[in-house]
$ cat model20.cif   # mmCIF, C-alpha atoms
data_target
#
loop_
_atom_site.label_atom_id
_atom_site.label_comp_id
_atom_site.auth_asym_id
_atom_site.auth_seq_id
_atom_site.Cartn_x
_atom_site.Cartn_y
_atom_site.Cartn_z
CA MET A 4 10.63 -6.64 18.59
CA LYS A 5 9.53 -3.78 16.31
CA TRP A 6 6.04 -3.91 17.82
CA LEU A 7 7.43 -3.76 21.38
CA ILE A 8 9.45 -0.68 20.43
CA LEU A 9 6.41 0.90 18.79
CA LEU A 10 4.18 0.24 21.79
CA ALA A 11 6.78 1.61 24.20
CA CYS A 12 7.02 4.74 22.09
CA VAL A 13 3.30 5.41 21.77
CA ALA A 14 2.66 4.62 25.42
CA VAL A 15 4.57 7.76 26.33
CA VAL A 16 3.73 10.49 23.84
CA GLY A 17 3.09 8.92 20.44
CA CYS A 18 5.55 8.40 17.63
CA GLY A 19 6.04 10.51 14.56
CA SER A 20 8.16 13.37 13.36
CA PRO A 21 10.42 14.88 16.06
CA SER A 22 8.92 17.94 17.70
CA GLY A 23 8.95 19.75 20.98
CA ASP A 24 5.21 20.33 20.74
CA PRO A 25 2.84 18.80 23.30
CA PRO A 26 1.35 15.57 21.91
CA ASP A 27 -2.01 17.06 20.85
CA ALA A 28 -0.86 20.57 19.97
CA SER A 29 -1.60 22.16 16.63
CA VAL A 30 1.40 22.17 14.34
CA GLU A 31 2.44 24.71 11.76
CA ARG A 32 4.23 24.13 8.49
CA ASP A 33 6.19 26.40 6.17
CA ALA A 34 3.77 29.09 5.06
CA GLY A 35 5.73 30.05 1.95
CA PRO A 36 4.04 30.17 -1.46
CA VAL A 37 3.36 26.90 -3.27
CA GLU A 38 4.37 26.87 -6.93
CA VAL A 39 2.32 24.13 -8.54
CA GLY A 40 2.79 24.05 -12.32
CA ASP A 41 2.79 20.73 -14.16
CA PRO A 42 3.10 17.73 -11.79
CA LEU A 43 4.69 15.65 -14.52
CA THR A 44 7.70 17.97 -14.46
CA TRP A 45 8.33 17.55 -10.72
CA ALA A 46 11.40 15.56 -9.73
CA LEU A 47 10.51 11.95 -8.94
CA ASP A 48 13.06 11.69 -6.15
CA GLU A 49 12.02 14.81 -4.27
CA ALA A 50 8.91 15.80 -2.34
CA GLY A 51 6.33 17.71 -4.33
CA PRO A 52 5.14 21.21 -3.43
CA PHE A 53 1.97 20.27 -1.54
CA ARG A 54 1.56 19.81 2.19
CA VAL A 55 -0.37 16.76 3.36
CA GLY A 56 -3.88 16.42 4.76
CA TYR A 57 -5.49 13.37 6.36
CA GLN A 58 -8.97 12.04 7.06
CA ARG A 59 -10.30 8.88 8.69
CA PHE A 60 -13.75 7.35 8.60
CA GLU A 61 -15.35 3.97 9.22
CA HIS A 62 -17.21 1.88 6.68
CA THR A 63 -19.39 -1.18 7.15
CA TYR A 64 -20.05 -3.62 4.32
CA ARG A 65 -21.15 -7.23 3.82
CA PRO A 66 -18.30 -9.23 2.24
CA ASP A 67 -18.94 -12.11 -0.10
CA GLY A 68 -18.81 -15.47 1.66
CA LEU A 69 -19.71 -14.10 5.11
CA ASP A 70 -23.05 -13.94 6.90
CA ALA A 71 -22.12 -10.89 8.99
CA ASP A 72 -21.17 -7.29 8.31
CA ARG A 73 -17.55 -6.18 8.46
CA THR A 74 -16.44 -2.72 9.63
CA ILE A 75 -13.14 -1.24 8.51
CA ALA A 76 -11.40 2.03 9.22
CA VAL A 77 -10.54 3.90 6.03
CA HIS A 78 -7.65 6.38 5.95
CA VAL A 79 -7.13 9.04 3.28
CA TRP A 80 -4.03 11.17 2.63
CA TYR A 81 -4.35 14.06 0.18
CA PRO A 82 -2.68 17.32 -0.92
CA THR A 83 -3.40 20.55 0.94
CA LEU A 84 -2.17 24.12 1.07
CA ASP A 85 -3.03 24.50 4.78
CA THR A 86 -0.15 25.45 7.03
CA SER A 87 -1.48 24.54 10.47
CA GLY A 88 -3.79 22.09 12.16
CA ALA A 89 -3.93 19.04 14.42
CA PRO A 90 -1.31 16.40 13.63
CA ALA A 91 -2.59 13.09 12.27
CA MET A 92 -2.89 10.12 14.59
CA TYR A 93 -2.94 6.62 13.10
CA GLY A 94 -4.93 3.99 14.94
CA GLY A 95 -4.43 5.78 18.24
CA LEU A 96 -0.79 4.69 18.04
CA VAL A 97 1.35 6.87 15.81
CA ARG A 98 1.31 10.67 15.74
CA ASP A 99 2.46 12.22 12.46
CA ARG A 100 3.33 15.89 12.82
CA ASP A 101 4.03 16.18 9.10
CA VAL A 102 0.35 15.57 8.29
CA LEU A 103 -2.63 17.79 9.15
CA THR A 104 -5.94 16.21 10.17
CA ASP A 105 -9.04 17.35 8.25
CA ALA A 106 -7.04 19.91 6.29
CA THR A 107 -8.63 21.73 3.36
CA PRO A 108 -7.95 19.78 0.15
CA ALA A 109 -5.93 21.57 -2.51
CA GLU A 110 -7.37 21.78 -6.00
CA PRO A 111 -6.30 18.87 -8.23
CA ALA A 112 -3.10 19.81 -10.04
CA HIS A 113 -3.11 17.24 -12.83
CA ALA A 114 -4.32 17.95 -16.35
CA SER A 115 -7.40 15.76 -15.94
CA GLY A 116 -8.70 18.04 -13.15
CA ARG A 117 -8.95 14.97 -10.87
CA TYR A 118 -6.64 13.52 -8.25
CA PRO A 119 -4.80 10.33 -9.23
CA VAL A 120 -5.29 7.60 -6.62
CA HIS A 121 -2.97 5.19 -4.82
CA VAL A 122 -4.43 2.42 -2.64
CA TYR A 123 -2.47 0.56 0.02
CA SER A 124 -2.66 -2.70 1.97
CA HIS A 125 -0.71 -2.98 5.24
CA GLY A 126 1.07 -6.07 6.52
CA HIS A 127 0.25 -8.65 9.18
CA ARG A 128 -0.49 -6.91 12.49
CA GLY A 129 0.04 -3.57 10.80
CA PHE A 130 -2.19 -0.57 10.10
CA ALA A 131 -2.70 1.88 7.26
CA GLY A 132 -0.18 4.38 8.62
CA VAL A 133 2.72 1.90 8.66
CA SER A 134 3.97 3.25 5.32
CA ALA A 135 2.90 6.84 5.94
CA PHE A 136 6.20 8.07 4.48
CA LEU A 137 4.97 6.79 1.11
CA HIS A 138 1.49 8.27 1.47
CA ARG A 139 2.97 11.65 2.40
CA ARG A 140 5.30 11.68 -0.59
CA LEU A 141 2.51 10.83 -3.03
CA ALA A 142 0.20 13.44 -1.50
CA SER A 143 2.92 16.04 -1.90
CA HIS A 144 2.84 15.21 -5.62
CA GLY A 145 -0.92 15.73 -5.81
CA TRP A 146 -2.07 12.13 -5.28
CA ILE A 147 -4.67 10.72 -2.92
CA THR A 148 -3.93 7.53 -0.95
CA ILE A 149 -6.84 5.39 0.27
CA ALA A 150 -5.92 2.67 2.78
CA PRO A 151 -8.07 0.42 4.97
CA ASP A 152 -7.12 -1.10 8.29
CA HIS A 153 -7.68 -4.83 7.76
CA THR A 154 -9.98 -5.65 10.67
CA GLY A 155 -8.85 -8.77 12.55
CA ASN A 156 -5.29 -8.42 11.26
CA THR A 157 -4.05 -5.18 12.84
CA LEU A 158 -1.69 -4.62 15.76
CA LEU A 159 -4.62 -4.14 18.14
CA ASP A 160 -7.15 -6.75 16.99
CA ASN A 161 -5.22 -9.56 15.32
CA VAL A 162 -6.98 -12.93 15.21
CA ASP A 163 -4.73 -15.99 15.54
CA PRO A 164 -4.79 -18.35 13.74
CA ARG A 165 -5.69 -16.39 10.64
CA PRO A 166 -9.15 -17.17 9.31
CA VAL A 167 -8.92 -18.60 5.79
CA ALA A 168 -11.34 -15.97 4.52
CA LEU A 169 -8.81 -13.28 5.44
CA TYR A 170 -6.84 -14.23 2.34
CA TYR A 171 -9.58 -12.81 0.17
CA LEU A 172 -11.10 -10.35 2.66
CA ARG A 173 -8.06 -8.09 2.46
CA SER A 174 -8.69 -7.49 -1.23
CA LEU A 175 -12.39 -6.91 -0.55
CA ASP A 176 -11.38 -4.38 2.14
CA VAL A 177 -9.36 -2.44 -0.44
CA ARG A 178 -12.24 -2.52 -2.90
CA ALA A 179 -14.76 -1.51 -0.23
CA ALA A 180 -12.52 1.34 0.97
CA VAL A 181 -12.40 2.82 -2.53
CA ASP A 182 -16.16 2.36 -2.98
CA ALA A 183 -16.82 4.08 0.35
CA PHE A 184 -14.51 6.95 -0.61
CA VAL A 185 -16.41 7.39 -3.87
CA ALA A 186 -19.78 7.31 -2.08
CA ARG A 187 -18.71 10.17 0.19
CA ASP A 188 -18.29 12.34 -2.95
CA GLU A 189 -15.98 14.81 -1.22
CA LEU A 190 -12.87 14.75 -3.42
CA ASP A 191 -12.85 14.55 -7.23
CA ALA A 192 -10.55 11.61 -7.81
CA ASP A 193 -9.94 9.21 -10.68
CA THR A 194 -10.90 5.95 -8.99
CA ASP A 195 -11.22 4.15 -12.32
CA HIS A 196 -7.42 3.89 -12.63
CA LEU A 197 -5.78 2.84 -9.37
CA LEU A 198 -2.17 2.27 -8.35
CA LEU A 199 -1.95 -0.39 -5.60
CA SER A 200 0.90 -1.12 -3.21
CA GLY A 201 1.08 -3.62 -0.37
CA HIS A 202 3.65 -4.24 2.37
CA SER A 203 4.51 -7.74 3.66
CA PHE A 204 1.15 -9.58 3.92
CA GLY A 205 -0.06 -6.75 1.71
CA THR A 206 2.01 -8.41 -1.03
CA HIS A 207 -0.57 -11.21 -1.02
CA THR A 208 -3.31 -8.59 -1.29
CA ALA A 209 -1.52 -6.97 -4.22
CA TRP A 210 -1.20 -10.19 -6.20
CA ALA A 211 -4.80 -11.21 -5.47
CA SER A 212 -6.27 -7.81 -6.34
CA ALA A 213 -4.11 -7.68 -9.47
CA GLY A 214 -5.73 -10.88 -10.73
CA ALA A 215 -3.77 -13.90 -9.48
CA THR A 216 -5.86 -17.08 -9.52
CA PHE A 217 -6.31 -19.01 -6.28
CA ASP A 218 -5.55 -22.74 -6.14
CA VAL A 219 -8.85 -23.70 -4.52
CA ASP A 220 -8.12 -27.45 -4.36
CA ARG A 221 -4.95 -26.76 -2.42
CA ILE A 222 -6.67 -24.25 -0.15
CA GLU A 223 -9.46 -26.72 0.61
CA SER A 224 -7.08 -29.60 1.33
CA GLU A 225 -4.32 -27.77 3.18
CA SER A 226 -5.74 -24.55 4.67
CA CYS A 227 -9.28 -25.52 5.58
CA THR A 228 -8.84 -27.37 8.86
CA THR A 229 -10.73 -27.93 12.09
CA GLU A 230 -8.90 -24.95 13.56
CA THR A 231 -9.41 -22.76 10.48
CA PRO A 232 -12.63 -24.03 8.85
CA CYS A 233 -13.95 -22.87 5.49
CA THR A 234 -17.46 -22.69 4.12
CA GLU A 235 -18.45 -23.54 0.58
CA GLU A 236 -19.46 -19.92 0.12
CA GLN A 237 -15.94 -18.81 1.02
CA LEU A 238 -14.42 -21.32 -1.37
CA ASP A 239 -16.69 -19.91 -4.07
CA VAL A 240 -15.12 -16.48 -3.50
CA PHE A 241 -11.67 -17.98 -3.97
CA ARG A 242 -12.89 -19.68 -7.15
CA ALA A 243 -14.24 -16.40 -8.53
CA GLY A 244 -11.11 -14.45 -7.56
CA VAL A 245 -10.93 -10.94 -6.20
CA ARG A 246 -9.36 -9.01 -9.05
CA ASP A 247 -10.31 -5.33 -9.06
CA PRO A 248 -10.30 -4.16 -12.71
CA ARG A 249 -9.75 -0.57 -11.58
CA ILE A 250 -6.20 -1.44 -10.52
CA VAL A 251 -3.88 -0.72 -13.45
CA ALA A 252 -0.49 -1.33 -11.77
CA ALA A 253 0.69 -2.81 -8.47
CA VAL A 254 3.72 -2.78 -6.16
CA PRO A 255 4.18 -5.82 -3.87
CA MET A 256 6.76 -4.79 -1.22
CA ALA A 257 8.72 -7.05 1.16
CA GLY A 258 6.84 -10.21 0.32
CA ILE A 259 6.72 -13.18 -2.06
CA VAL A 260 3.81 -14.56 -4.07
CA SER A 261 2.71 -17.74 -2.26
CA SER A 262 2.20 -21.13 -3.86
CA ASP A 263 0.13 -22.12 -0.82
CA TRP A 264 -2.62 -19.83 -2.06
CA PHE A 265 -2.00 -19.37 -5.78
CA GLY A 266 -0.44 -22.72 -6.62
CA GLU A 267 2.40 -22.96 -9.09
CA THR A 268 0.74 -21.02 -11.90
CA GLY A 269 -1.93 -18.77 -10.33
CA HIS A 270 0.34 -15.73 -10.59
CA THR A 271 0.46 -16.07 -14.37
CA THR A 272 -3.08 -14.70 -14.79
CA VAL A 273 -1.92 -11.22 -13.74
CA SER A 274 -1.93 -8.98 -16.81
CA ILE A 275 -1.15 -5.56 -15.31
CA PRO A 276 2.37 -4.17 -14.65
CA LEU A 277 3.91 -5.30 -11.37
CA LEU A 278 6.94 -3.81 -9.63
CA ALA A 279 8.14 -6.08 -6.82
CA MET A 280 10.41 -4.59 -4.13
CA THR A 281 12.59 -6.54 -1.70
CA GLY A 282 15.56 -5.85 0.57
CA SER A 283 18.72 -7.95 0.73
CA ALA A 284 18.65 -7.91 4.55
CA ASP A 285 15.01 -9.02 4.82
CA ALA A 286 14.98 -12.56 6.19
CA ASN A 287 11.38 -12.95 5.00
CA THR A 288 12.32 -12.67 1.32
CA MET A 289 16.05 -13.37 1.00
CA SER A 290 15.52 -16.98 -0.04
CA GLY A 291 12.45 -16.40 -2.17
CA ALA A 292 12.91 -13.19 -4.13
CA GLU A 293 15.05 -14.80 -6.84
CA VAL A 294 12.58 -17.68 -7.17
CA GLN A 295 9.70 -15.21 -7.44
CA PHE A 296 11.50 -13.39 -10.24
CA GLU A 297 12.15 -16.61 -12.12
CA ARG A 298 8.49 -17.58 -11.84
CA ALA A 299 7.11 -14.14 -12.68
CA SER A 300 9.61 -13.00 -15.29
CA ALA A 301 7.44 -14.35 -18.10
CA LEU A 302 4.59 -11.99 -17.19
CA ALA A 303 3.81 -9.23 -19.67
CA ASP A 304 5.37 -6.51 -17.47
CA PHE A 305 7.24 -7.60 -14.34
CA THR A 306 10.05 -5.63 -12.69
CA TRP A 307 12.00 -6.49 -9.55
CA ILE A 308 14.14 -4.14 -7.51
CA ASP A 309 16.24 -5.34 -4.60
CA VAL A 310 17.71 -2.78 -2.21
CA GLU A 311 21.11 -3.66 -0.77
CA GLY A 312 21.05 -3.74 3.03
CA ALA A 313 17.33 -2.99 3.30
CA CYS A 314 15.37 -4.83 5.99
CA HIS A 315 11.70 -5.82 6.03
CA GLU A 316 10.58 -2.50 7.48
CA PHE A 317 12.54 -0.45 4.94
CA PHE A 318 9.20 -0.44 3.11
CA GLY A 319 7.16 0.25 6.26
CA LEU A 320 7.92 1.64 9.72
CA GLY A 321 11.58 2.04 8.85
CA CYS A 322 14.75 0.41 10.14
CA ASP A 323 18.42 1.20 10.61
CA ASP A 324 19.34 2.91 7.34
CA PRO A 325 22.33 5.24 7.79
CA ALA A 326 22.00 6.47 4.20
CA GLY A 327 18.48 7.69 4.93
CA GLU A 328 17.22 6.47 1.57
CA GLN A 329 13.94 4.80 2.55
CA GLU A 330 11.55 7.48 1.36
CA ARG A 331 13.53 8.53 -1.69
CA VAL A 332 14.07 5.01 -3.03
CA VAL A 333 10.68 3.46 -2.31
CA ALA A 334 8.56 6.49 -3.17
CA THR A 335 10.50 7.25 -6.35
CA TYR A 336 9.74 3.85 -7.86
CA VAL A 337 6.11 3.82 -6.69
CA LEU A 338 5.53 7.30 -8.05
CA ALA A 339 7.26 6.43 -11.33
CA LEU A 340 5.01 3.40 -11.80
CA GLY A 341 1.94 5.52 -11.06
CA ARG A 342 2.94 8.33 -13.38
CA ARG A 343 3.60 5.84 -16.17
CA HIS A 344 0.50 3.66 -15.92
CA VAL A 345 -2.08 5.94 -14.28
CA LEU A 346 -1.08 9.22 -15.91
CA GLY A 347 0.56 8.00 -19.12
CA ASP A 348 3.85 9.79 -18.42
CA GLN A 349 6.55 8.41 -20.73
CA SER A 350 9.30 10.53 -19.15
CA VAL A 351 9.69 8.09 -16.24
CA THR A 352 10.41 5.07 -18.47
CA ALA A 353 14.18 5.26 -17.88
CA VAL A 354 13.68 4.90 -14.13
CA LEU A 355 11.37 1.90 -14.54
CA GLU A 356 13.73 0.23 -17.01
CA GLY A 357 16.81 0.86 -14.87
CA THR A 358 18.68 3.05 -17.34
CA SER A 359 18.34 5.99 -14.95
CA ALA A 360 19.71 5.02 -11.53
CA VAL A 361 17.84 6.04 -8.38
CA SER A 362 20.44 4.63 -5.98
CA ASP A 363 23.57 2.53 -6.35
CA ARG A 364 22.04 0.22 -3.73
CA VAL A 365 19.25 -0.80 -6.12
CA THR A 366 19.51 -3.79 -8.42
CA LEU A 367 16.75 -3.68 -11.03
CA ARG A 368 15.78 -6.62 -13.22
CA ARG A 369 12.95 -6.86 -15.73
CA GLY A 370 11.12 -9.92 -16.95
CA GLU A 371 11.59 -11.16 -20.47
#
$ encode --input "model20.cif" --output "structure tokens"
Amino acid sequence: MKWLILLACVAVVGCGSPSGDPPDASVERDAGPVEVGDPLTWALDEAGPFRVGYQRFEHTYRPDGLDADRTIAVHVWYPTLDTSGAPAMYGGLVRDRDVLTDATPAEPAHASGRYPVHVYSHGHRGFAGVSAFLHRRLASHGWITIAPDHTGNTLLDNVDPRPVALYYLRSLDVRAAVDAFVARDELDADTDHLLLSGHSFGTHTAWASAGATFDVDRIESESCTTETPCTEEQLDVFRAGVRDPRIVAAVPMAGIVSSDWFGETGHTTVSIPLLAMTGSADANTMSGAEVQFERASALADFTWIDVEGACHEFFGLGCDDPAGEQERVVATYVLALGRRHVLGDQSVTAVLEGTSAVSDRVTLRRGE
């Protein structure tokens, strides 16, 4: 149903922030002065001082296990001081009047002199802009977000049934998107220390890229079928794994680590901090979130937050949330994890340990 609503919306004028402007008109933002200062002193639960810029480009690469090139769209959100410009458009579907296309990048505000980087993996039949609220919030705090559209698994080009290779290709898309961003050499970013988040099917991407080990015997016997065949080269990719060592912390949102792909113990090879997010009203995770915590609680650094009354799209396009807490809750925890493990900020520890409450709707539990 959410996709029907989205398509009905974009068919008329495009979705995004409310505005009386014509669909393709230039928009203007508050032109007041921007006080930057030290980003590590900015409130976690509020937007930072920067406005938000956006770029899109395409990248073609040859993935392991395939005998053909793969082209992905790569989307980048970043801080800017510009006050006017064309509103961003995501995938030709969603217009975002709070984001300026091809805006002039602001100078990095962090002590390193480089932008910290967040990478993102969208869900099944999604697109990079699904969680644009999160990308905007991080950009306002001086971060860059790099997010690919997973070709063959977006709203406009989804392949059904899913090819088996897609379960590793998504991680290769994220890696290739970062590599392509680096090759463009346009923004000075710290791509050696990445914060990763993934929504829904992006949860699988997050676990795989974080270092979970695939159960190749199970994949070969249960997933490789006449309808969804596998090659030995593709199975070799699963055997090797798709961990990206540049990822130092990850946030799986609105999804559960799958035994179908990682077996009963494949998740235990993850050694970086993970912060899993679920909603109590999300039918996709209600029965599995507790089991996931029990299985993952023995990891070196595993945290689980569950948001009372939050649906599946609380972490994406948004859903009925009278309290209006989507951006504040989700972005606060993601930013806290990034500041702690990318930037070494100890001041956010209380939020990540649950001794400083973000919302009374949040239940936070940490592994042993």
$ closest_residue --input "model20.cif" --among "A:Leu175, A:Leu302, A:Ile222, A:Leu367" --to "Trp264 (chain A)" --atoms "all atoms listed in the file"
A:Ile222
$ closest_atom_pairs --input "model20.cif" --of "region 282-330 of chain A" --to "region 351-358 of chain A" --cutoff "10 Å" --atoms "all atoms listed in the file" --output "tab-separated table"
residue	atom	partner	partner_atom	distance
A:Thr306	CA	A:Leu355	CA	7.9
A:Trp307	CA	A:Leu355	CA	9.8
A:Ile308	CA	A:Gly357	CA	9.3
$ write_last_selection --input "model20.cif" --atoms "C-alpha atoms" --output "PDB file, in the frame of the given file"
ATOM      1  CA  THR A 306      10.050  -5.630 -12.690  1.00  0.00           C
ATOM      2  CA  TRP A 307      12.000  -6.490  -9.550  1.00  0.00           C
ATOM      3  CA  ILE A 308      14.140  -4.140  -7.510  1.00  0.00           C
TER       4      ILE A 308
END
$ residues_around --input "model20.cif" --residues "Gly291 (chain A)" --least-positions-apart "6" --cutoff "10 Å" --atoms "all atoms listed in the file" --output "PyMOL selection string"
chain A and resi 258-261+281+297
$ residues_around --input "model20.cif" --residues "His78 (chain A)" --least-positions-apart "2" --cutoff "9 Å" --atoms "all atoms listed in the file" --output "MDAnalysis selection string"
chainID A and resid 57:61 76 80 93 131:132 148:152 180
$ atom_distance --input "model20.cif" --atom1 "CA of His144 (chain A)" --atom2 "CA of Arg369 (chain A)"
26.3 Å
$ resolve_selection --input "model20.cif" --expression "the PyMOL selection byres ((chain A and resi 208-213) around 10)" --output "ChimeraX atom specification"
/A:122-126,169-178,199-207,214-217,241,244-256,259-261,264-265,269-270,272-277
$ atom_distance --input "model20.cif" --atom1 "CA of Gln329 (chain A)" --atom2 "CA of Arg128 (chain A)"
21.1 Å
$ closest_residue --input "model20.cif" --among "A:Ala186, A:Ala257, A:Gly129, A:Ile147" --to "Leu159 (chain A)" --atoms "only C-alpha atoms"
A:Gly129
$ atom_distance --input "model20.cif" --atom1 "CA of His196 (chain A)" --atom2 "CA of Val120 (chain A)"
7.4 Å
$ resolve_selection --input "model20.cif" --expression "the PyMOL selection byres ((chain A and resi 233) around 12)" --output "PyMOL selection string"
chain A and resi 68-69+165-170+219+222-232+234-241
$ write_last_selection --input "model20.cif" --atoms "C-alpha atoms" --output "mmCIF file, keeping the file's coordinate frame"
data_model
loop_
_atom_site.group_PDB
_atom_site.id
_atom_site.type_symbol
_atom_site.label_atom_id
_atom_site.label_comp_id
_atom_site.auth_asym_id
_atom_site.auth_seq_id
_atom_site.Cartn_x
_atom_site.Cartn_y
_atom_site.Cartn_z
ATOM 1 C CA GLY A 68 -18.810 -15.470 1.660
ATOM 2 C CA LEU A 69 -19.710 -14.100 5.110
ATOM 3 C CA ARG A 165 -5.690 -16.390 10.640
ATOM 4 C CA PRO A 166 -9.150 -17.170 9.310
ATOM 5 C CA VAL A 167 -8.920 -18.600 5.790
ATOM 6 C CA ALA A 168 -11.340 -15.970 4.520
ATOM 7 C CA LEU A 169 -8.810 -13.280 5.440
ATOM 8 C CA TYR A 170 -6.840 -14.230 2.340
ATOM 9 C CA VAL A 219 -8.850 -23.700 -4.520
ATOM 10 C CA ILE A 222 -6.670 -24.250 -0.150
ATOM 11 C CA GLU A 223 -9.460 -26.720 0.610
ATOM 12 C CA SER A 224 -7.080 -29.600 1.330
ATOM 13 C CA GLU A 225 -4.320 -27.770 3.180
ATOM 14 C CA SER A 226 -5.740 -24.550 4.670
ATOM 15 C CA CYS A 227 -9.280 -25.520 5.580
ATOM 16 C CA THR A 228 -8.840 -27.370 8.860
ATOM 17 C CA THR A 229 -10.730 -27.930 12.090
ATOM 18 C CA GLU A 230 -8.900 -24.950 13.560
ATOM 19 C CA THR A 231 -9.410 -22.760 10.480
ATOM 20 C CA PRO A 232 -12.630 -24.030 8.850
ATOM 21 C CA THR A 234 -17.460 -22.690 4.120
ATOM 22 C CA GLU A 235 -18.450 -23.540 0.580
ATOM 23 C CA GLU A 236 -19.460 -19.920 0.120
ATOM 24 C CA GLN A 237 -15.940 -18.810 1.020
ATOM 25 C CA LEU A 238 -14.420 -21.320 -1.370
ATOM 26 C CA ASP A 239 -16.690 -19.910 -4.070
ATOM 27 C CA VAL A 240 -15.120 -16.480 -3.500
ATOM 28 C CA PHE A 241 -11.670 -17.980 -3.970
#
$ residues_around --input "model20.cif" --residues "Arg187 (chain A)" --least-positions-apart "4" --cutoff "12 Å" --atoms "only C-alpha atoms" --output "mmCIF file with C-alpha atoms, keeping the file's coordinate frame"
data_model
loop_
_atom_site.group_PDB
_atom_site.id
_atom_site.type_symbol
_atom_site.label_atom_id
_atom_site.label_comp_id
_atom_site.auth_asym_id
_atom_site.auth_seq_id
_atom_site.Cartn_x
_atom_site.Cartn_y
_atom_site.Cartn_z
ATOM 1 C CA PHE A 60 -13.750 7.350 8.600
ATOM 2 C CA GLU A 61 -15.350 3.970 9.220
ATOM 3 C CA HIS A 62 -17.210 1.880 6.680
ATOM 4 C CA VAL A 77 -10.540 3.900 6.030
ATOM 5 C CA ALA A 180 -12.520 1.340 0.970
ATOM 6 C CA VAL A 181 -12.400 2.820 -2.530
ATOM 7 C CA ASP A 182 -16.160 2.360 -2.980
ATOM 8 C CA ALA A 183 -16.820 4.080 0.350
ATOM 9 C CA ASP A 191 -12.850 14.550 -7.230
ATOM 10 C CA ALA A 192 -10.550 11.610 -7.810
#
$ closest_residue --input "model20.cif" --among "A:Pro66, A:Thr74, A:His113, A:Ala50" --to "Arg342 (chain A)" --atoms "only C-alpha atoms"
A:His113
$ resolve_selection --input "model20.cif" --expression "the PyMOL selection byres ((chain A and resi 108) around 9)" --output "mmCIF file with C-alpha atoms, in the frame of the given file"
data_model
loop_
_atom_site.group_PDB
_atom_site.id
_atom_site.type_symbol
_atom_site.label_atom_id
_atom_site.label_comp_id
_atom_site.auth_asym_id
_atom_site.auth_seq_id
_atom_site.Cartn_x
_atom_site.Cartn_y
_atom_site.Cartn_z
ATOM 1 C CA VAL A 55 -0.370 16.760 3.360
ATOM 2 C CA GLY A 56 -3.880 16.420 4.760
ATOM 3 C CA TYR A 81 -4.350 14.060 0.180
ATOM 4 C CA PRO A 82 -2.680 17.320 -0.920
ATOM 5 C CA THR A 83 -3.400 20.550 0.940
ATOM 6 C CA LEU A 84 -2.170 24.120 1.070
ATOM 7 C CA ASP A 85 -3.030 24.500 4.780
ATOM 8 C CA ASP A 105 -9.040 17.350 8.250
ATOM 9 C CA ALA A 106 -7.040 19.910 6.290
ATOM 10 C CA THR A 107 -8.630 21.730 3.360
ATOM 11 C CA ALA A 109 -5.930 21.570 -2.510
ATOM 12 C CA GLU A 110 -7.370 21.780 -6.000
ATOM 13 C CA PRO A 111 -6.300 18.870 -8.230
ATOM 14 C CA LEU A 190 -12.870 14.750 -3.420
#
$ closest_residue --input "model20.cif" --among "A:Leu43, A:Leu338, A:Val365, A:Ala284" --to "Arg140 (chain A)" --atoms "only C-alpha atoms"
A:Leu338
$ closest_residue --input "model20.cif" --among "A:His121, A:Leu103, A:Pro90, A:Thr288" --to "Leu137 (chain A)" --atoms "only C-alpha atoms"
A:His121
$ closest_residue --input "model20.cif" --among "A:Val39, A:Leu278, A:Ala46, A:Ala301" --to "Val337 (chain A)" --atoms "only C-alpha atoms"
A:Leu278
$ residues_around --input "model20.cif" --residues "Ser283 (chain A)" --least-positions-apart "6" --cutoff "9 Å" --atoms "all atoms listed in the file" --output "list in words"
Met289, Asp309, Val310, Glu311, Gly312, Ala313 and Cys314 of chain A
